[in-house]
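What follows is the content of data_22.txt, which has compact mmCIF, N, CA and C atoms:
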```
# COMPACT_ATOMS: atom_id res chain seq x y z
N MET A 4 -23.56 12.93 -40.01
CA MET A 4 -22.17 12.92 -39.62
C MET A 4 -22.08 13.04 -38.11
N SER A 5 -21.38 12.11 -37.49
CA SER A 5 -21.25 12.16 -36.04
C SER A 5 -19.90 12.75 -35.66
N VAL A 6 -19.91 13.45 -34.56
CA VAL A 6 -18.70 14.07 -34.05
C VAL A 6 -18.25 13.30 -32.81
N ILE A 7 -17.03 12.81 -32.82
CA ILE A 7 -16.50 12.10 -31.67
C ILE A 7 -15.82 13.11 -30.77
N THR A 8 -16.32 13.24 -29.55
CA THR A 8 -15.79 14.24 -28.63
C THR A 8 -14.48 13.76 -28.00
N LYS A 9 -13.81 14.69 -27.36
CA LYS A 9 -12.56 14.38 -26.68
C LYS A 9 -12.78 13.35 -25.57
N GLN A 10 -13.89 13.49 -24.84
CA GLN A 10 -14.21 12.56 -23.76
C GLN A 10 -14.49 11.16 -24.31
N ALA A 11 -15.17 11.08 -25.45
CA ALA A 11 -15.47 9.77 -26.06
C ALA A 11 -14.18 9.09 -26.53
N ARG A 12 -13.26 9.86 -27.08
CA ARG A 12 -11.98 9.28 -27.50
C ARG A 12 -11.19 8.76 -26.31
N ARG A 13 -11.19 9.52 -25.19
CA ARG A 13 -10.50 9.08 -23.98
C ARG A 13 -11.15 7.82 -23.43
N LEU A 14 -12.47 7.76 -23.44
CA LEU A 14 -13.17 6.59 -22.95
C LEU A 14 -12.83 5.35 -23.78
N ARG A 15 -12.72 5.51 -25.09
CA ARG A 15 -12.33 4.40 -25.95
C ARG A 15 -10.91 3.92 -25.62
N ARG A 16 -9.98 4.86 -25.42
CA ARG A 16 -8.62 4.48 -25.03
C ARG A 16 -8.61 3.80 -23.67
N ARG A 17 -9.42 4.31 -22.73
CA ARG A 17 -9.51 3.74 -21.39
C ARG A 17 -9.99 2.30 -21.43
N ARG A 18 -11.01 2.04 -22.22
CA ARG A 18 -11.52 0.67 -22.35
C ARG A 18 -10.51 -0.25 -22.98
N ARG A 19 -9.75 0.25 -23.93
CA ARG A 19 -8.72 -0.56 -24.58
C ARG A 19 -7.63 -0.94 -23.59
N VAL A 20 -7.23 0.01 -22.74
CA VAL A 20 -6.22 -0.28 -21.72
C VAL A 20 -6.77 -1.25 -20.68
N ARG A 21 -8.03 -1.05 -20.25
CA ARG A 21 -8.62 -1.90 -19.22
C ARG A 21 -8.85 -3.33 -19.69
N ALA A 22 -8.94 -3.55 -20.99
CA ALA A 22 -9.09 -4.90 -21.51
C ALA A 22 -7.81 -5.70 -21.29
N LYS A 23 -6.69 -5.02 -21.13
CA LYS A 23 -5.40 -5.69 -21.00
C LYS A 23 -4.85 -5.67 -19.58
N VAL A 24 -5.36 -4.77 -18.73
CA VAL A 24 -4.80 -4.57 -17.39
C VAL A 24 -5.85 -4.94 -16.35
N SER A 25 -5.46 -5.79 -15.41
CA SER A 25 -6.36 -6.16 -14.32
C SER A 25 -5.55 -6.29 -13.04
N GLY A 26 -6.15 -5.95 -11.91
CA GLY A 26 -5.46 -5.99 -10.63
C GLY A 26 -5.90 -7.15 -9.77
N THR A 27 -4.97 -7.66 -8.97
CA THR A 27 -5.26 -8.72 -8.02
C THR A 27 -4.94 -8.21 -6.62
N ALA A 28 -5.16 -9.05 -5.62
CA ALA A 28 -4.86 -8.64 -4.25
C ALA A 28 -3.35 -8.48 -4.05
N GLN A 29 -2.54 -9.34 -4.68
CA GLN A 29 -1.09 -9.24 -4.55
C GLN A 29 -0.52 -8.12 -5.41
N ARG A 30 -1.14 -7.90 -6.57
CA ARG A 30 -0.65 -6.88 -7.50
C ARG A 30 -1.84 -6.06 -8.02
N PRO A 31 -2.29 -5.09 -7.22
CA PRO A 31 -3.48 -4.32 -7.61
C PRO A 31 -3.20 -3.34 -8.75
N ARG A 32 -4.28 -2.81 -9.29
CA ARG A 32 -4.20 -1.85 -10.39
C ARG A 32 -4.19 -0.44 -9.82
N VAL A 33 -3.29 0.40 -10.31
CA VAL A 33 -3.27 1.81 -9.94
C VAL A 33 -4.07 2.56 -10.99
N SER A 34 -5.28 2.97 -10.63
CA SER A 34 -6.17 3.67 -11.53
C SER A 34 -6.00 5.17 -11.34
N VAL A 35 -5.74 5.88 -12.43
CA VAL A 35 -5.48 7.32 -12.38
C VAL A 35 -6.65 8.08 -13.00
N PHE A 36 -7.07 9.15 -12.32
CA PHE A 36 -8.04 10.08 -12.89
C PHE A 36 -7.44 11.47 -12.83
N ARG A 37 -7.46 12.15 -13.95
CA ARG A 37 -6.91 13.50 -14.04
C ARG A 37 -8.00 14.44 -14.51
N SER A 38 -8.18 15.51 -13.78
CA SER A 38 -9.14 16.54 -14.19
C SER A 38 -8.36 17.81 -14.53
N ASN A 39 -9.09 18.85 -14.86
CA ASN A 39 -8.42 20.12 -15.14
C ASN A 39 -7.84 20.73 -13.88
N ARG A 40 -8.38 20.37 -12.72
CA ARG A 40 -7.94 20.97 -11.46
C ARG A 40 -6.94 20.13 -10.70
N GLY A 41 -6.93 18.82 -10.87
CA GLY A 41 -6.03 17.99 -10.08
C GLY A 41 -6.00 16.56 -10.55
N ILE A 42 -5.47 15.68 -9.69
CA ILE A 42 -5.27 14.29 -10.03
C ILE A 42 -5.59 13.42 -8.82
N SER A 43 -6.09 12.23 -9.08
CA SER A 43 -6.35 11.28 -8.01
C SER A 43 -6.00 9.89 -8.51
N ALA A 44 -5.74 8.98 -7.57
CA ALA A 44 -5.37 7.62 -7.92
C ALA A 44 -5.88 6.66 -6.85
N GLN A 45 -6.12 5.41 -7.27
CA GLN A 45 -6.59 4.37 -6.37
C GLN A 45 -5.84 3.09 -6.65
N LEU A 46 -5.64 2.29 -5.60
CA LEU A 46 -5.15 0.92 -5.75
C LEU A 46 -6.37 0.02 -5.69
N ILE A 47 -6.64 -0.72 -6.77
CA ILE A 47 -7.87 -1.49 -6.87
C ILE A 47 -7.57 -2.97 -7.07
N ASP A 48 -8.22 -3.81 -6.27
CA ASP A 48 -8.23 -5.25 -6.46
C ASP A 48 -9.47 -5.56 -7.29
N ASP A 49 -9.29 -5.84 -8.58
CA ASP A 49 -10.43 -6.04 -9.47
C ASP A 49 -11.17 -7.35 -9.22
N ILE A 50 -10.49 -8.35 -8.70
CA ILE A 50 -11.13 -9.63 -8.45
C ILE A 50 -12.16 -9.51 -7.33
N ALA A 51 -11.78 -8.88 -6.22
CA ALA A 51 -12.70 -8.70 -5.10
C ALA A 51 -13.54 -7.43 -5.25
N GLY A 52 -13.10 -6.51 -6.10
CA GLY A 52 -13.83 -5.25 -6.28
C GLY A 52 -13.60 -4.28 -5.14
N ASN A 53 -12.41 -4.32 -4.52
CA ASN A 53 -12.10 -3.47 -3.38
C ASN A 53 -11.06 -2.42 -3.73
N THR A 54 -11.18 -1.25 -3.12
CA THR A 54 -10.15 -0.23 -3.19
C THR A 54 -9.27 -0.39 -1.97
N LEU A 55 -7.97 -0.63 -2.18
CA LEU A 55 -7.04 -0.87 -1.09
C LEU A 55 -6.46 0.41 -0.51
N ALA A 56 -6.21 1.39 -1.37
CA ALA A 56 -5.67 2.68 -0.94
C ALA A 56 -6.03 3.72 -1.99
N ALA A 57 -6.10 4.96 -1.57
CA ALA A 57 -6.45 6.03 -2.50
C ALA A 57 -5.77 7.33 -2.08
N VAL A 58 -5.61 8.21 -3.05
CA VAL A 58 -5.07 9.54 -2.79
C VAL A 58 -5.80 10.52 -3.71
N ASN A 59 -6.05 11.73 -3.20
CA ASN A 59 -6.79 12.73 -3.95
C ASN A 59 -6.07 14.07 -3.80
N TRP A 60 -6.12 14.88 -4.85
CA TRP A 60 -5.42 16.15 -4.82
C TRP A 60 -6.03 17.13 -3.82
N THR A 61 -7.24 16.89 -3.33
CA THR A 61 -7.87 17.82 -2.39
C THR A 61 -7.40 17.64 -0.95
N GLU A 62 -6.53 16.68 -0.70
CA GLU A 62 -6.02 16.49 0.66
C GLU A 62 -5.17 17.70 1.06
N PRO A 63 -5.19 18.06 2.34
CA PRO A 63 -4.54 19.30 2.78
C PRO A 63 -3.05 19.40 2.44
N GLN A 64 -2.30 18.29 2.53
CA GLN A 64 -0.87 18.37 2.25
C GLN A 64 -0.55 18.48 0.76
N LEU A 65 -1.55 18.25 -0.11
CA LEU A 65 -1.33 18.33 -1.56
C LEU A 65 -1.94 19.57 -2.20
N ARG A 66 -2.92 20.13 -1.57
CA ARG A 66 -3.75 21.16 -2.19
C ARG A 66 -2.98 22.41 -2.62
N ALA A 67 -2.01 22.84 -1.85
CA ALA A 67 -1.33 24.10 -2.13
C ALA A 67 -0.14 23.96 -3.09
N LEU A 68 0.21 22.74 -3.49
CA LEU A 68 1.37 22.51 -4.34
C LEU A 68 1.07 22.78 -5.82
N PRO A 69 2.09 23.12 -6.62
CA PRO A 69 1.90 23.21 -8.07
C PRO A 69 1.58 21.83 -8.65
N SER A 70 0.99 21.80 -9.84
CA SER A 70 0.40 20.56 -10.35
C SER A 70 1.39 19.41 -10.51
N ALA A 71 2.56 19.63 -11.10
CA ALA A 71 3.51 18.53 -11.30
C ALA A 71 4.06 18.03 -9.97
N GLU A 72 4.36 18.94 -9.08
CA GLU A 72 4.85 18.57 -7.76
C GLU A 72 3.75 17.88 -6.95
N ARG A 73 2.52 18.34 -7.11
CA ARG A 73 1.37 17.73 -6.44
C ARG A 73 1.20 16.28 -6.89
N ALA A 74 1.34 16.04 -8.20
CA ALA A 74 1.18 14.68 -8.72
C ALA A 74 2.28 13.77 -8.22
N ALA A 75 3.52 14.26 -8.18
CA ALA A 75 4.63 13.45 -7.68
C ALA A 75 4.44 13.12 -6.20
N ARG A 76 4.02 14.09 -5.42
CA ARG A 76 3.79 13.87 -3.99
C ARG A 76 2.60 12.94 -3.77
N ALA A 77 1.59 13.03 -4.64
CA ALA A 77 0.44 12.12 -4.54
C ALA A 77 0.88 10.68 -4.82
N GLY A 78 1.79 10.49 -5.78
CA GLY A 78 2.32 9.15 -6.05
C GLY A 78 3.09 8.60 -4.88
N ALA A 79 3.89 9.44 -4.24
CA ALA A 79 4.65 9.01 -3.07
C ALA A 79 3.71 8.67 -1.91
N LEU A 80 2.68 9.47 -1.74
CA LEU A 80 1.70 9.22 -0.69
C LEU A 80 0.93 7.93 -0.95
N LEU A 81 0.61 7.66 -2.22
CA LEU A 81 -0.07 6.41 -2.57
C LEU A 81 0.82 5.22 -2.30
N ALA A 82 2.12 5.35 -2.58
CA ALA A 82 3.06 4.26 -2.30
C ALA A 82 3.16 3.98 -0.81
N GLU A 83 3.17 5.04 0.02
CA GLU A 83 3.21 4.85 1.47
C GLU A 83 1.96 4.12 1.96
N ARG A 84 0.80 4.52 1.43
CA ARG A 84 -0.45 3.86 1.82
C ARG A 84 -0.52 2.43 1.31
N ALA A 85 0.11 2.18 0.15
CA ALA A 85 0.15 0.81 -0.37
C ALA A 85 1.00 -0.08 0.52
N LYS A 86 2.13 0.44 0.98
CA LYS A 86 2.98 -0.33 1.89
C LYS A 86 2.25 -0.63 3.19
N ALA A 87 1.48 0.32 3.69
CA ALA A 87 0.70 0.11 4.90
C ALA A 87 -0.37 -0.97 4.69
N ALA A 88 -0.86 -1.09 3.45
CA ALA A 88 -1.87 -2.11 3.12
C ALA A 88 -1.23 -3.44 2.75
N GLY A 89 0.11 -3.50 2.75
CA GLY A 89 0.81 -4.74 2.44
C GLY A 89 1.04 -4.99 0.97
N VAL A 90 1.08 -3.94 0.17
CA VAL A 90 1.27 -4.06 -1.28
C VAL A 90 2.64 -3.50 -1.65
N SER A 91 3.42 -4.28 -2.40
CA SER A 91 4.74 -3.79 -2.82
C SER A 91 4.85 -3.58 -4.33
N SER A 92 3.97 -4.22 -5.12
CA SER A 92 4.01 -4.02 -6.57
C SER A 92 2.58 -3.88 -7.09
N ALA A 93 2.44 -3.22 -8.23
CA ALA A 93 1.14 -2.95 -8.81
C ALA A 93 1.26 -2.86 -10.33
N VAL A 94 0.13 -2.82 -11.00
CA VAL A 94 0.10 -2.56 -12.44
C VAL A 94 -0.48 -1.16 -12.64
N PHE A 95 0.03 -0.44 -13.61
CA PHE A 95 -0.35 0.97 -13.80
C PHE A 95 -1.39 1.08 -14.90
N ASP A 96 -2.51 1.69 -14.58
CA ASP A 96 -3.59 1.96 -15.53
C ASP A 96 -3.67 3.47 -15.71
N ARG A 97 -3.23 3.94 -16.87
CA ARG A 97 -3.17 5.38 -17.11
C ARG A 97 -4.53 5.99 -17.41
N GLY A 98 -5.56 5.17 -17.53
CA GLY A 98 -6.93 5.66 -17.67
C GLY A 98 -7.24 6.35 -18.97
N GLY A 99 -6.52 6.07 -20.03
CA GLY A 99 -6.77 6.70 -21.31
C GLY A 99 -6.03 8.01 -21.51
N TYR A 100 -5.30 8.45 -20.50
CA TYR A 100 -4.52 9.68 -20.61
C TYR A 100 -3.14 9.35 -21.17
N ARG A 101 -2.52 10.33 -21.82
CA ARG A 101 -1.15 10.13 -22.30
C ARG A 101 -0.21 10.05 -21.11
N PHE A 102 0.83 9.24 -21.24
CA PHE A 102 1.79 9.07 -20.14
C PHE A 102 2.81 10.20 -20.21
N HIS A 103 2.39 11.38 -19.77
CA HIS A 103 3.28 12.54 -19.67
C HIS A 103 2.67 13.50 -18.69
N GLY A 104 3.42 14.49 -18.28
CA GLY A 104 2.91 15.50 -17.37
C GLY A 104 2.56 14.94 -16.00
N GLN A 105 1.34 15.21 -15.54
CA GLN A 105 0.93 14.81 -14.20
C GLN A 105 0.86 13.30 -14.04
N VAL A 106 0.42 12.59 -15.08
CA VAL A 106 0.30 11.13 -14.99
C VAL A 106 1.70 10.51 -14.83
N LYS A 107 2.65 11.00 -15.60
CA LYS A 107 4.02 10.51 -15.50
C LYS A 107 4.63 10.87 -14.16
N ALA A 108 4.38 12.08 -13.67
CA ALA A 108 4.91 12.52 -12.37
C ALA A 108 4.36 11.66 -11.24
N LEU A 109 3.07 11.29 -11.32
CA LEU A 109 2.48 10.43 -10.30
C LEU A 109 3.15 9.05 -10.31
N ALA A 110 3.35 8.49 -11.49
CA ALA A 110 4.00 7.17 -11.60
C ALA A 110 5.43 7.21 -11.08
N GLU A 111 6.17 8.24 -11.44
CA GLU A 111 7.56 8.34 -10.99
C GLU A 111 7.64 8.59 -9.49
N GLY A 112 6.73 9.37 -8.95
CA GLY A 112 6.69 9.59 -7.50
C GLY A 112 6.42 8.31 -6.74
N ALA A 113 5.52 7.48 -7.27
CA ALA A 113 5.22 6.21 -6.63
C ALA A 113 6.40 5.25 -6.74
N ARG A 114 7.08 5.26 -7.88
CA ARG A 114 8.25 4.39 -8.05
C ARG A 114 9.38 4.78 -7.10
N GLU A 115 9.62 6.08 -6.96
CA GLU A 115 10.68 6.56 -6.07
C GLU A 115 10.39 6.22 -4.62
N ALA A 116 9.10 6.15 -4.28
CA ALA A 116 8.72 5.83 -2.90
C ALA A 116 8.69 4.32 -2.66
N GLY A 117 8.95 3.52 -3.69
CA GLY A 117 9.09 2.08 -3.49
C GLY A 117 7.99 1.20 -4.04
N LEU A 118 7.02 1.76 -4.76
CA LEU A 118 5.98 0.94 -5.37
C LEU A 118 6.45 0.50 -6.75
N LEU A 119 6.48 -0.79 -7.00
CA LEU A 119 6.99 -1.32 -8.25
C LEU A 119 5.89 -1.46 -9.28
N PHE A 120 6.19 -1.02 -10.52
CA PHE A 120 5.27 -1.19 -11.65
C PHE A 120 5.88 -2.14 -12.64
```
Same coordinates, now as structure tokens:
Amino acid sequence: MSVITKQARRLRRRRRVRAKVSGTAQRPRVSVFRSNRGISAQLIDDIAGNTLAAVNWTEPQLRALPSAERAARAGALLAERAKAAGVSSAVFDRGGYRFHGQVKALAEGAREAGLLF
């Protein structure tokens, strides 16, 4: 009898999402990673294999904030960096996580700052 771990189930969901979502230079993919301590996100052009912009919870302006507020501010910061890189719209890759809590706050923060999903 095999036991499917929580990480294995998330990886299966992540692969299922990635089979349907791909980023281009005009419309990159927003890849989200959430750990127990924080959240990070990247804008990725899958065709060229480049990261266009990134944000991490360990940055000084995000580190001291509560988790939901930190995620929303990280989304806004990612949107600002996307605009600086010349990106106005993207596709959202939730990375196998449920779309609630920090993941949802990051997406809404990016939308409010002007990044279109």
- Using only N, CA and C atoms, which of the listed residues (A:Ile50, A:Ala113, A:Ser92, A:Ala75) sits closest to Ser25 in chain A?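 Of the candidates, the smallest distance to Ser25 in chain A is held by A:Ile50.
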- Query: Skipping near chain neighbours, those fewer than 2 positions away, what residues fall within 5 Å of Asp96 in chain A using all atoms listed in the file, listed as a list in words?
  - Reply: Val33, Ser34, Val35, Val94 and Gly98 of chain A
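Across the structure, CA of Ser43 in chain A and atom N of Ala71 in chain A are spaced 12.6 Å apart.
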- Query: What's the 8 Å shell around range 26-32 of chain A, counting all atoms listed in the file, without same-chain residues fewer than 2 positions away, as a VMD selection string?
  - Reply: chain A and resid 23 to 24 34 to 35 44 to 51 55 89 to 96
Residues from the last selection, N, CA and C atoms, saved as a PDB file, in the coordinates of the input:
```pdb
ATOM      1  N   LYS A  23      -6.690  -5.020 -21.130  1.00  0.00           N
ATOM      2  CA  LYS A  23      -5.400  -5.690 -21.000  1.00  0.00           C
ATOM      3  C   LYS A  23      -4.850  -5.670 -19.580  1.00  0.00           C
ATOM      4  N   VAL A  24      -5.360  -4.770 -18.730  1.00  0.00           N
ATOM      5  CA  VAL A  24      -4.800  -4.570 -17.390  1.00  0.00           C
ATOM      6  C   VAL A  24      -5.850  -4.940 -16.350  1.00  0.00           C
ATOM      7  N   SER A  34      -5.280   2.970 -10.630  1.00  0.00           N
ATOM      8  CA  SER A  34      -6.170   3.670 -11.530  1.00  0.00           C
ATOM      9  C   SER A  34      -6.000   5.170 -11.340  1.00  0.00           C
ATOM     10  N   VAL A  35      -5.740   5.880 -12.430  1.00  0.00           N
ATOM     11  CA  VAL A  35      -5.480   7.320 -12.380  1.00  0.00           C
ATOM     12  C   VAL A  35      -6.650   8.080 -13.000  1.00  0.00           C
ATOM     13  N   ALA A  44      -5.740   8.980  -7.570  1.00  0.00           N
ATOM     14  CA  ALA A  44      -5.370   7.620  -7.920  1.00  0.00           C
ATOM     15  C   ALA A  44      -5.880   6.660  -6.850  1.00  0.00           C
ATOM     16  N   GLN A  45      -6.120   5.410  -7.270  1.00  0.00           N
ATOM     17  CA  GLN A  45      -6.590   4.370  -6.370  1.00  0.00           C
ATOM     18  C   GLN A  45      -5.840   3.090  -6.650  1.00  0.00           C
ATOM     19  N   LEU A  46      -5.640   2.290  -5.600  1.00  0.00           N
ATOM     20  CA  LEU A  46      -5.150   0.920  -5.750  1.00  0.00           C
ATOM     21  C   LEU A  46      -6.370   0.020  -5.690  1.00  0.00           C
ATOM     22  N   ILE A  47      -6.640  -0.720  -6.770  1.00  0.00           N
ATOM     23  CA  ILE A  47      -7.870  -1.490  -6.870  1.00  0.00           C
ATOM     24  C   ILE A  47      -7.570  -2.970  -7.070  1.00  0.00           C
ATOM     25  N   ASP A  48      -8.220  -3.810  -6.270  1.00  0.00           N
ATOM     26  CA  ASP A  48      -8.230  -5.250  -6.460  1.00  0.00           C
ATOM     27  C   ASP A  48      -9.470  -5.560  -7.290  1.00  0.00           C
ATOM     28  N   ASP A  49      -9.290  -5.840  -8.580  1.00  0.00           N
ATOM     29  CA  ASP A  49     -10.430  -6.040  -9.470  1.00  0.00           C
ATOM     30  C   ASP A  49     -11.170  -7.350  -9.220  1.00  0.00           C
ATOM     31  N   ILE A  50     -10.490  -8.350  -8.700  1.00  0.00           N
ATOM     32  CA  ILE A  50     -11.130  -9.630  -8.450  1.00  0.00           C
ATOM     33  C   ILE A  50     -12.160  -9.510  -7.330  1.00  0.00           C
ATOM     34  N   ALA A  51     -11.780  -8.880  -6.220  1.00  0.00           N
ATOM     35  CA  ALA A  51     -12.700  -8.700  -5.100  1.00  0.00           C
ATOM     36  C   ALA A  51     -13.540  -7.430  -5.250  1.00  0.00           C
ATOM     37  N   LEU A  55      -7.970  -0.630  -2.180  1.00  0.00           N
ATOM     38  CA  LEU A  55      -7.040  -0.870  -1.090  1.00  0.00           C
ATOM     39  C   LEU A  55      -6.460   0.410  -0.510  1.00  0.00           C
ATOM     40  N   GLY A  89       0.110  -3.500   2.750  1.00  0.00           N
ATOM     41  CA  GLY A  89       0.810  -4.740   2.440  1.00  0.00           C
ATOM     42  C   GLY A  89       1.040  -4.990   0.970  1.00  0.00           C
ATOM     43  N   VAL A  90       1.080  -3.940   0.170  1.00  0.00           N
ATOM     44  CA  VAL A  90       1.270  -4.060  -1.280  1.00  0.00           C
ATOM     45  C   VAL A  90       2.640  -3.500  -1.650  1.00  0.00           C
ATOM     46  N   SER A  91       3.420  -4.280  -2.400  1.00  0.00           N
ATOM     47  CA  SER A  91       4.740  -3.790  -2.820  1.00  0.00           C
ATOM     48  C   SER A  91       4.850  -3.580  -4.330  1.00  0.00           C
ATOM     49  N   SER A  92       3.970  -4.220  -5.120  1.00  0.00           N
ATOM     50  CA  SER A  92       4.010  -4.020  -6.570  1.00  0.00           C
ATOM     51  C   SER A  92       2.580  -3.880  -7.090  1.00  0.00           C
ATOM     52  N   ALA A  93       2.440  -3.220  -8.230  1.00  0.00           N
ATOM     53  CA  ALA A  93       1.140  -2.950  -8.810  1.00  0.00           C
ATOM     54  C   ALA A  93       1.260  -2.860 -10.330  1.00  0.00           C
ATOM     55  N   VAL A  94       0.130  -2.820 -11.000  1.00  0.00           N
ATOM     56  CA  VAL A  94       0.100  -2.560 -12.440  1.00  0.00           C
ATOM     57  C   VAL A  94      -0.480  -1.160 -12.640  1.00  0.00           C
ATOM     58  N   PHE A  95       0.030  -0.440 -13.610  1.00  0.00           N
ATOM     59  CA  PHE A  95      -0.350   0.970 -13.800  1.00  0.00           C
ATOM     60  C   PHE A  95      -1.390   1.080 -14.900  1.00  0.00           C
ATOM     61  N   ASP A  96      -2.510   1.690 -14.580  1.00  0.00           N
ATOM     62  CA  ASP A  96      -3.590   1.960 -15.530  1.00  0.00           C
ATOM     63  C   ASP A  96      -3.670   3.470 -15.710  1.00  0.00           C
TER      64      ASP A  96
END
```
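Note that CA of Trp60 in chain A and CA of Arg15 in chain A are 25.1 Å apart.
Remark: for Glu72 in chain A, the closest of the candidate residues A:Ser5, A:Ala57, A:Gln10, A:Ala108 is A:Ala108 (distances computed over only N, CA and C atoms).
Compared by their closest atoms to Ser70 in chain A, and using only C-alpha atoms, the residues A:Arg21, A:Lys9, A:Gly41, A:Ala116 rank with A:Gly41 nearest.
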Based on DSSP run over this structure's backbone, return all residues of range 27-77 of chain A in helix (DSSP H, G or I), as a compact mmCIF listing (two decimals) with N, CA and C atoms, in the frame of the given file.
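Writing the result to selection_3.txt gives the following:
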```txt
# COMPACT_ATOMS: atom_id res chain seq x y z
N PRO A 63 -5.19 18.06 2.34
CA PRO A 63 -4.54 19.30 2.78
C PRO A 63 -3.05 19.40 2.44
N GLN A 64 -2.30 18.29 2.53
CA GLN A 64 -0.87 18.37 2.25
C GLN A 64 -0.55 18.48 0.76
N LEU A 65 -1.55 18.25 -0.11
CA LEU A 65 -1.33 18.33 -1.56
C LEU A 65 -1.94 19.57 -2.20
N ARG A 66 -2.92 20.13 -1.57
CA ARG A 66 -3.75 21.16 -2.19
C ARG A 66 -2.98 22.41 -2.62
N SER A 70 0.99 21.80 -9.84
CA SER A 70 0.40 20.56 -10.35
C SER A 70 1.39 19.41 -10.51
N ALA A 71 2.56 19.63 -11.10
CA ALA A 71 3.51 18.53 -11.30
C ALA A 71 4.06 18.03 -9.97
N GLU A 72 4.36 18.94 -9.08
CA GLU A 72 4.85 18.57 -7.76
C GLU A 72 3.75 17.88 -6.95
N ARG A 73 2.52 18.34 -7.11
CA ARG A 73 1.37 17.73 -6.44
C ARG A 73 1.20 16.28 -6.89
N ALA A 74 1.34 16.04 -8.20
CA ALA A 74 1.18 14.68 -8.72
C ALA A 74 2.28 13.77 -8.22
N ALA A 75 3.52 14.26 -8.18
CA ALA A 75 4.63 13.45 -7.68
C ALA A 75 4.44 13.12 -6.20
N ARG A 76 4.02 14.09 -5.42
CA ARG A 76 3.79 13.87 -3.99
C ARG A 76 2.60 12.94 -3.77
N ALA A 77 1.59 13.03 -4.64
CA ALA A 77 0.44 12.12 -4.54
C ALA A 77 0.88 10.68 -4.82
```
- Task: Compare A:Val106, A:Ala67, A:Val20, A:Leu118 by their minimum atom-to-atom distance to Leu81 in chain A, counting only C-alpha atoms, and give me the closest one.
- Result: A:Leu118
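Of the listed residues (A:Ala82, A:Phe120, A:Arg37, A:Val6), A:Arg37 comes nearest to His103 in chain A; the distances count only C-alpha atoms.
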- Task: Take atom N of Ala85 in chain A and atom C of Arg12 in chain A and report the distance between them in Å, one decimal.
- Result: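 Interatomic distance, atom N of Ala85 in chain A to atom C of Arg12 in chain A: 29.5 Å.
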